[in-house]
Amino acid sequence: MKKDGKGVSGNVSRRQVLAVAGAAAIGGATGLTFATPAFAATRVGLDYSWGRPSPTVIRASGYTFVSRYVSWDTTGKNLTRAEAQALIAAGIDVVCNWEYAIKEALSGYAKGAESAREAERQALECGMPPGRPIYFSIDFDAQPSQQVVINSYFDGVASVIGLSRTGAYGGYYVIKRLFDAGKITWGWQTYAWSGGQWDPRAQVRQVQNGIIVDGADCDRDEALTADFGQWGTAMPAGGMIISSPSVLKLPSGALAMYATASDGNVGGTNQTDPGSAWTAWQPLSSSGAFVGRPATLQLPNGVIILFARTIDGKIMGTNQTGPGGPFYPWIYVGVGGSIVSDPTAIFAASGAMSIYVTANDGNVWANNQVGPGGAWGDWQLLTSGGGCVGTPAAVLTSMGGVALFVCTMDGRLRVATQPAPNAAFGPWGYVAAGGSLASDPRVTRLAGDATAVHCTATDGNVWSTAQSATGGAWQDWQQIAPAGNLVGAPGVLRLPNGGLAVFARTTGGRVMGTNQQVTGGAYNPWIYIAAGGSIVSDPQVVMTDTGIMAQYVTADDGHLWGTNQTSPGGPWADWVRL
């Protein structure tokens with residue numbers, strides 16, 4: 001942020017972590033449409049790095065927003081959840097900016113994608129609602145000859161968080177070139193390297209360096225639009241959903257849904273009968289420290305079990321006292337921390353539960369009940385190898401073991417398999433050849449013991465591979481149908497005829513879908529599912545007892561929305577806010 005580089009640390013090699021990607025604007029939306037920010041009266045704010053001016057002093061000095069860092073830095077420069085909460089409590093909005101190495105934007109596409117994943121993860125853990133923009137710094141006098149590689153870097157950023165959320169900080173000329181090339185939606189222009197010119201498309205201007213506020217070295221900023229990427233004081237009443245929902249079908253055929261809200265608590269809503277209206281959002285027993293999407297399991301009698309990750313890298317769990325009843329207080333699952341992915345939970349063949357996570361050492365770890373309903377053990381390293389990112393996917397095999405899938409830093413997919421129930425996992429192997437994967441895997445059991453895997457790649461398309469049986473060879477990765485504008489993990493559903501339907505979010509905040517023409521065959525062209533946009537979570541898809549598909553998402557207004565087919569195989573209804 002600072003033109004003299006005072007807010008910058010050196011380069012560092014750091015493991016990337018996949019996160020929920022999303023798209024644009026917070027607050028007050030009445031439908032799934034993206035509203036271009038309207039011009040408004042100027043608001044004045046600050047940006048700063050290691051200094052920590054008191055929020056009350058900031059507000060008393062007339063500043064109503066601050067821009068704060070997320071980065072690889074470990075020396076105290078970054079925004080924290082506690083700091084964000086203190087700022088918001090004082091009536092100050094927050095804007096997120098990524099900056100670590102001054103000339104990082106010259107590192108190209110892969111670096112842009114890596115940094116965007118980490119920026120998203122850190123910002124969400126600080127309480128940023130999904131869908132809010134993040135600015136990425138170009139803190140040097142970028143030249144036209146460097147624009148091609150800078151454009152590539154921002155293409156990498158947009159491949160993770162979506163173009164509608166991608167912003168840049170820099171001088172007039174580079175901000176203008178990025179806007180002209182369609183590489184950013186949000187601009188934060190500094191007076192440095194600008195020759196007295198201002199691009200009217202930039203939502204924020206940095207107009208002065210070296211202001212001292214409460215003893216801290218700050219910069220002065222002016223917001224020229226009503227929406228400039230801020231979050232905090234304008235959150236809707238009742239909290240804001242900040243994760244993808246987890247959807248369950250109850251024994252009655254009604255649906256239930258759980259997600260994490262901006263207050264750090266997991267809450268839920270459900271239908272009272274199949275197809276009925278959804279109940280009011282109900283927070284579970286309080287914890288206030290959760291991030292990410294909760295994992296859900298269900299006992300045969302309908303009792304729901306939840307697991308969620310805490311901000312300090314641990315896993316907690318709770319379950320209903322009985323079918324449809326209240327939830328017990330949250331308890332820790334095992335000891336230790338350093339978990340950086342959402343949990344994946346599965347019932348083993350014995351009926352005991354197992355949880356799989358990725359830790360900050362780049363390995364997948366597991367925790368298992370000693371038996372159905374039994375105590376949890378300690379976290380165990382699943383199988384060494386390192387380089388793993390994102391949330392693992394797990395599926396039971398016909399032999400009673402578990403097959404586990406996880407992406408790697410270099411965009412490939414690994415698999416490790418238990419040869420029998422409770423056996424040790426074998427070593428990691430790669431699923432097919434090739435890389436460039438950019439989402440968590442979605443694994444589907446097909447007929448017999450066949451397994452299919454779908455991932456979104458950096459080219460904006462969904463790719464798939466399949467195995468004819470556990471232990472068999474994997475097919476080469478195949479692009480299921482050309483799209484080029486897809487982000488995040490796809491939703492995959494096995495249809496009654498055995499074919500697959502696949503849904504994915506676009507960079508424009510909509511959902512598209514396709515399905516196989518025949519079981520195991522080619523896919524139809526992608527089509528848009530209902531109208532509207534501003535969707536910021538991966539779609540969660542379920543088949544109802546009536547044979548129609550339904551899907552649920554989080555939108556940028558902080559609410560859950562849903563749509564369903566009007567009849568089996570029929571068209572989709574409009575999106576409805578739950």
# chains A, B, ... in the order shown; residues from 1 in each chain; ligands from 1

$ residues_around --residues "Pro421 (chain A)" --least-positions-apart "4" --cutoff "8 Å" --atoms "only C-alpha atoms" --output "ChimeraX atom specification"
/A:348-350,399-402

$ write_last_selection --atoms "C-alpha atoms" --output "compact mmCIF listing (two decimals), in the first residue's frame"
# COMPACT_ATOMS: atom_id res chain seq x y z
CA ALA A 348 -16.70 -46.43 8.25
CA ALA A 349 -18.04 -49.90 7.44
CA SER A 350 -18.24 -50.59 11.20
CA MET A 399 -14.13 -53.85 0.28
CA GLY A 400 -15.19 -51.81 3.31
CA GLY A 401 -12.20 -49.51 3.25
CA VAL A 402 -12.00 -45.79 2.49

$ select_by_dssp --residues "region 200-234 of chain A" --states "strand (DSSP E)" --output "compact mmCIF listing (two decimals) with C-alpha atoms, in the first residue's frame"
# COMPACT_ATOMS: atom_id res chain seq x y z
CA VAL A 204 -10.92 4.24 -3.84
CA ARG A 205 -8.12 6.80 -4.00
CA GLN A 206 -5.05 6.94 -1.77
CA VAL A 207 -4.37 10.65 -1.54
CA GLN A 208 -1.71 11.13 1.14
CA ASN A 209 1.05 9.17 2.90
CA GLY A 210 2.62 9.70 6.31
CA ILE A 211 -0.39 10.69 8.42
CA ILE A 212 0.11 9.98 12.13
CA VAL A 213 -3.01 8.70 13.89
CA ALA A 216 0.79 5.03 13.96
CA ASP A 217 2.05 5.80 10.47
CA CYS A 218 -0.99 5.73 8.16
CA ASP A 219 -2.11 6.71 4.68
CA ARG A 220 -5.27 8.67 3.88
CA ASP A 221 -7.83 7.19 1.48
CA GLU A 222 -11.06 8.43 -0.05
CA ALA A 223 -13.90 6.17 -1.18
CA LEU A 224 -15.82 7.58 -4.13
CA THR A 225 -18.56 4.96 -4.44

$ closest_atom_pairs --of "region 290-333 of chain A" --to "region 114-123 of chain A" --cutoff "12 Å" --atoms "only C-alpha atoms" --output "CSV"
residue,atom,partner,partner_atom,distance
A:Val291,CA,A:Arg121,CA,9.5
A:Gly292,CA,A:Arg121,CA,9.0
A:Ile311,CA,A:Gln122,CA,10.0
A:Asp312,CA,A:Gln122,CA,12.0

$ write_last_selection --atoms "C-alpha atoms" --output "mmCIF file, in the first residue's frame"
data_model
loop_
_atom_site.group_PDB
_atom_site.id
_atom_site.type_symbol
_atom_site.label_atom_id
_atom_site.label_comp_id
_atom_site.auth_asym_id
_atom_site.auth_seq_id
_atom_site.Cartn_x
_atom_site.Cartn_y
_atom_site.Cartn_z
ATOM 1 C CA VAL A 291 -14.833 -20.796 10.013
ATOM 2 C CA GLY A 292 -15.561 -22.679 6.809
ATOM 3 C CA ILE A 311 -10.281 -20.275 13.879
ATOM 4 C CA ASP A 312 -7.338 -21.736 15.834
#

$ atom_distance --atom1 "CA of Gly373 (chain A)" --atom2 "CA of Pro323 (chain A)"
15.7 Å

$ closest_residue --among "A:Gln85, A:Asn301, A:Thr444, A:Ser439" --to "Leu413 (chain A)" --atoms "only C-alpha atoms"
A:Ser439

$ closest_residue --among "A:Thr506, A:Gln380, A:Val266, A:Tyr153" --to "Thr318 (chain A)" --atoms "only C-alpha atoms"
A:Val266

$ residues_around --residues "Gly390 (chain A)" --least-positions-apart "4" --cutoff "12 Å" --atoms "only C-alpha atoms" --output "ChimeraX atom specification"
/A:15-20,117-118,121,292,339-344,356-360,362-364,405-409,411-414,437-442,488-489

$ residues_around --residues "region 97-109 of chain A" --least-positions-apart "4" --cutoff "8 Å" --atoms "only C-alpha atoms" --output "PDB file with N, CA and C atoms, in the first residue's frame"
ATOM      1  N   MET A   1       0.819  -1.196   0.000  1.00  0.00           N
ATOM      2  CA  MET A   1       0.000   0.000   0.000  1.00  0.00           C
ATOM      3  C   MET A   1       0.856   1.249   0.000  1.00  0.00           C
ATOM      4  N   GLY A   5       7.149   1.313  -0.107  1.00  0.00           N
ATOM      5  CA  GLY A   5       7.368  -0.090   0.228  1.00  0.00           C
ATOM      6  C   GLY A   5       7.464  -0.384   1.696  1.00  0.00           C
ATOM      7  N   VAL A   8       5.857  -3.753   3.244  1.00  0.00           N
ATOM      8  CA  VAL A   8       6.140  -4.932   2.442  1.00  0.00           C
ATOM      9  C   VAL A   8       7.164  -5.813   3.134  1.00  0.00           C
ATOM     10  N   SER A   9       6.930  -7.123   3.094  1.00  0.00           N
ATOM     11  CA  SER A   9       7.909  -8.091   3.542  1.00  0.00           C
ATOM     12  C   SER A   9       8.573  -8.711   2.328  1.00  0.00           C
ATOM     13  N   GLY A  10       9.531  -9.591   2.556  1.00  0.00           N
ATOM     14  CA  GLY A  10      10.221 -10.248   1.463  1.00  0.00           C
ATOM     15  C   GLY A  10       9.451 -11.407   0.909  1.00  0.00           C
ATOM     16  N   ASN A  11      10.031 -12.052  -0.112  1.00  0.00           N
ATOM     17  CA  ASN A  11       9.416 -13.227  -0.695  1.00  0.00           C
ATOM     18  C   ASN A  11       9.491 -14.386   0.271  1.00  0.00           C
ATOM     19  N   SER A  67      -8.324   0.054   5.330  1.00  0.00           N
ATOM     20  CA  SER A  67      -7.884  -1.051   4.481  1.00  0.00           C
ATOM     21  C   SER A  67      -6.729  -1.741   5.180  1.00  0.00           C
ATOM     22  N   ARG A  68      -6.846  -3.061   5.292  1.00  0.00           N
ATOM     23  CA  ARG A  68      -5.864  -3.821   6.067  1.00  0.00           C
ATOM     24  C   ARG A  68      -5.349  -5.007   5.269  1.00  0.00           C
ATOM     25  N   TYR A  69      -4.114  -5.403   5.654  1.00  0.00           N
ATOM     26  CA  TYR A  69      -3.381  -6.430   4.922  1.00  0.00           C
ATOM     27  C   TYR A  69      -3.807  -7.850   5.242  1.00  0.00           C
ATOM     28  N   VAL A  70      -3.807  -8.693   4.229  1.00  0.00           N
ATOM     29  CA  VAL A  70      -3.622 -10.131   4.365  1.00  0.00           C
ATOM     30  C   VAL A  70      -2.400 -10.469   3.503  1.00  0.00           C
ATOM     31  N   SER A  71      -1.566 -11.376   3.996  1.00  0.00           N
ATOM     32  CA  SER A  71      -0.319 -11.654   3.283  1.00  0.00           C
ATOM     33  C   SER A  71       0.357 -12.864   3.912  1.00  0.00           C
ATOM     34  N   TRP A  72       1.520 -13.209   3.380  1.00  0.00           N
ATOM     35  CA  TRP A  72       2.321 -14.302   3.959  1.00  0.00           C
ATOM     36  C   TRP A  72       3.071 -13.847   5.216  1.00  0.00           C
ATOM     37  N   ASP A  73       3.025 -12.585   5.562  1.00  0.00           N
ATOM     38  CA  ASP A  73       3.802 -12.061   6.685  1.00  0.00           C
ATOM     39  C   ASP A  73       3.435 -12.752   8.000  1.00  0.00           C
ATOM     40  N   ALA A 113      -2.958 -17.040  -8.611  1.00  0.00           N
ATOM     41  CA  ALA A 113      -3.912 -18.011  -8.072  1.00  0.00           C
ATOM     42  C   ALA A 113      -3.519 -18.439  -6.667  1.00  0.00           C
ATOM     43  N   SER A 115      -1.729 -16.791  -4.372  1.00  0.00           N
ATOM     44  CA  SER A 115      -1.945 -15.718  -3.413  1.00  0.00           C
ATOM     45  C   SER A 115      -3.425 -15.461  -3.190  1.00  0.00           C
ATOM     46  N   ALA A 119      -5.192 -15.358   0.324  1.00  0.00           N
ATOM     47  CA  ALA A 119      -5.887 -14.123   0.695  1.00  0.00           C
ATOM     48  C   ALA A 119      -7.324 -14.421   1.088  1.00  0.00           C
ATOM     49  N   ILE A 134     -11.288  -8.323  -2.903  1.00  0.00           N
ATOM     50  CA  ILE A 134      -9.955  -8.211  -2.306  1.00  0.00           C
ATOM     51  C   ILE A 134      -9.074  -7.484  -3.312  1.00  0.00           C
ATOM     52  N   TYR A 135      -8.357  -6.465  -2.848  1.00  0.00           N
ATOM     53  CA  TYR A 135      -7.424  -5.719  -3.699  1.00  0.00           C
ATOM     54  C   TYR A 135      -6.035  -6.357  -3.621  1.00  0.00           C
ATOM     55  N   PHE A 136      -5.349  -6.463  -4.761  1.00  0.00           N
ATOM     56  CA  PHE A 136      -4.007  -7.023  -4.830  1.00  0.00           C
ATOM     57  C   PHE A 136      -3.058  -5.928  -5.312  1.00  0.00           C
ATOM     58  N   SER A 137      -1.975  -5.739  -4.575  1.00  0.00           N
ATOM     59  CA  SER A 137      -1.137  -4.554  -4.759  1.00  0.00           C
ATOM     60  C   SER A 137      -0.149  -4.688  -5.909  1.00  0.00           C
ATOM     61  N   ILE A 138      -0.004  -3.583  -6.628  1.00  0.00           N
ATOM     62  CA  ILE A 138       1.105  -3.353  -7.567  1.00  0.00           C
ATOM     63  C   ILE A 138       1.818  -2.130  -7.025  1.00  0.00           C
ATOM     64  N   ASP A 139       2.722  -2.350  -6.083  1.00  0.00           N
ATOM     65  CA  ASP A 139       3.294  -1.251  -5.302  1.00  0.00           C
ATOM     66  C   ASP A 139       4.621  -0.790  -5.890  1.00  0.00           C
ATOM     67  N   PHE A 140       4.606  -0.557  -7.205  1.00  0.00           N
ATOM     68  CA  PHE A 140       5.787  -0.036  -7.897  1.00  0.00           C
ATOM     69  C   PHE A 140       5.305   0.630  -9.181  1.00  0.00           C
ATOM     70  N   GLN A 146       5.520  -4.421 -18.953  1.00  0.00           N
ATOM     71  CA  GLN A 146       5.280  -5.462 -17.950  1.00  0.00           C
ATOM     72  C   GLN A 146       3.807  -5.861 -17.866  1.00  0.00           C
ATOM     73  N   VAL A 149       2.456  -9.759 -18.292  1.00  0.00           N
ATOM     74  CA  VAL A 149       2.618 -10.663 -17.145  1.00  0.00           C
ATOM     75  C   VAL A 149       1.743 -10.213 -15.976  1.00  0.00           C
ATOM     76  N   ILE A 150       1.544  -8.886 -15.824  1.00  0.00           N
ATOM     77  CA  ILE A 150       0.631  -8.393 -14.780  1.00  0.00           C
ATOM     78  C   ILE A 150      -0.797  -8.855 -15.069  1.00  0.00           C
ATOM     79  N   ASN A 151      -1.221  -8.763 -16.326  1.00  0.00           N
ATOM     80  CA  ASN A 151      -2.550  -9.264 -16.697  1.00  0.00           C
ATOM     81  C   ASN A 151      -2.686 -10.741 -16.372  1.00  0.00           C
ATOM     82  N   SER A 152      -1.634 -11.500 -16.636  1.00  0.00           N
ATOM     83  CA  SER A 152      -1.669 -12.934 -16.342  1.00  0.00           C
ATOM     84  C   SER A 152      -1.817 -13.180 -14.849  1.00  0.00           C
ATOM     85  N   TYR A 153      -1.125 -12.400 -14.032  1.00  0.00           N
ATOM     86  CA  TYR A 153      -1.246 -12.518 -12.577  1.00  0.00           C
ATOM     87  C   TYR A 153      -2.691 -12.295 -12.135  1.00  0.00           C
ATOM     88  N   PHE A 154      -3.333 -11.266 -12.673  1.00  0.00           N
ATOM     89  CA  PHE A 154      -4.710 -10.982 -12.268  1.00  0.00           C
ATOM     90  C   PHE A 154      -5.693 -11.998 -12.861  1.00  0.00           C
ATOM     91  N   ASP A 155      -5.357 -12.600 -13.988  1.00  0.00           N
ATOM     92  CA  ASP A 155      -6.147 -13.739 -14.464  1.00  0.00           C
ATOM     93  C   ASP A 155      -6.090 -14.877 -13.445  1.00  0.00           C
ATOM     94  N   GLY A 156      -4.913 -15.092 -12.858  1.00  0.00           N
ATOM     95  CA  GLY A 156      -4.773 -16.114 -11.827  1.00  0.00           C
ATOM     96  C   GLY A 156      -5.595 -15.792 -10.595  1.00  0.00           C
ATOM     97  N   VAL A 157      -5.585 -14.534 -10.179  1.00  0.00           N
ATOM     98  CA  VAL A 157      -6.416 -14.120  -9.043  1.00  0.00           C
ATOM     99  C   VAL A 157      -7.889 -14.399  -9.340  1.00  0.00           C
TER     100      VAL A 157
END

$ closest_residue --among "A:Asp273, A:Glu83, A:Asp361, A:Asp93" --to "Leu250 (chain A)" --atoms "only C-alpha atoms"
A:Asp273

$ closest_residue --among "A:Gln203, A:Gln320, A:Asn485, A:Asn265" --to "Ile305 (chain A)" --atoms "only C-alpha atoms"
A:Gln320

$ atom_distance --atom1 "CA of Ala158 (chain A)" --atom2 "CA of Thr185 (chain A)"
10.0 Å

$ residues_around --residues "Gly513 (chain A)" --least-positions-apart "5" --cutoff "9 Å" --atoms "only C-alpha atoms" --output "list in words"
Ala501, Val502, Phe503, Ala504, Arg505, Pro525, Trp526, Ile527, Tyr528 and Ile529 of chain A
